[in-house]
Amino acid sequence: MSSDAAHHPDRRAADPRQRLKQARRALYREAIVDAAERVFAEHGYDAAKVQAIAKQAGVSLATFYAVFPKKWDLYRAVQADRLQALMQQVGGRVLAARDAFDRVRAGLEGYLRFHMDNPEFLRLQLRERVPWGTTDELRTPEQTRAWEAGLQMMIAALREGMEQGVFRRDDPELCARTATAMSQVRLALWEGRGMKESADEVAREAMLQLVRTFGAPGRVAELAGRIEG
């Protein structure tokens, strides 16, 4: 036993208690964030009540405020957690893609599939009227950082595709912003029509629309064949 532990026998015993406390706090945090996502999606940030979130999470108000002192802190946590997962999922797909066209496809499909797999988060974004073609009305810095990172990823892939003759020559930032806005409309329609289409169907139609819009003359049929195949 070290001399430090010998002189402070309760220090070693405190470690398991501290780890248990941290684990309990992490569980509370997860439950509260999950509940908040549902409540924010249903009512929006401004109308959402802390009491309703705590009730859905199964925690007391005292526990709620011990984890999240302010509702704003919780809203940022919801955005941070989900957007981190989104960027990891999309980024992984883009990095694994073999060429510029597949990188654009991986980014677009990954983006769509994530929101379709997380319908409460999608409803939250739609309810908050998040303008996915611009950062002007984004509420949190987490949203702004994720949006800008995703935009730069799409710009780079489109620019590369234009240089390779896959996409028609145009302003890659304008095309990336347009593609993002098109995705928002498609997701909003999917949600508003009862979420009946599968992710495969939505991704396929989105890619075909992108190819029709941005595909280089003489390459549209070939690119559509890659999607259909």
# chains A, B, ... in the order shown; residues from 1 in each chain; ligands from 1
>>> closest_atom_pairs(of="segment 1-95 of chain A", to="segment 143-162 of chain A", cutoff="10 Å", atoms="only C-alpha atoms", output="Markdown table")
| residue | atom | partner | partner_atom | distance |
| --- | --- | --- | --- | --- |
| A:Arg76 | CA | A:Gln143 | CA | 8.7 |
| A:Gln79 | CA | A:Gln143 | CA | 6.7 |
| A:Ala80 | CA | A:Gln143 | CA | 7.5 |
| A:Arg82 | CA | A:Gln143 | CA | 9.9 |
| A:Leu83 | CA | A:Ala146 | CA | 6.5 |
| A:Gln84 | CA | A:Ala146 | CA | 7.8 |
| A:Leu86 | CA | A:Ala146 | CA | 8.7 |
| A:Met87 | CA | A:Ala146 | CA | 7.1 |
| A:Val90 | CA | A:Gly150 | CA | 8.6 |
| A:Gly91 | CA | A:Met153 | CA | 8.4 |
| A:Val94 | CA | A:Met153 | CA | 8.4 |
>>> select_by_dssp(residues="chain A", states="helix (DSSP H, G or I)", output="PyMOL selection string")
chain A and resi 3-7+9-43+50-57+61-67+71-96+100-117+119-127+141-163+172-192+199-214+220-228
>>> residues_around(residues="segment 193-204 of chain A", least_positions_apart="3", cutoff="6 Å", atoms="only C-alpha atoms", output="list in words")
Glu109, Arg113, Leu189, Trp190 and Met207 of chain A
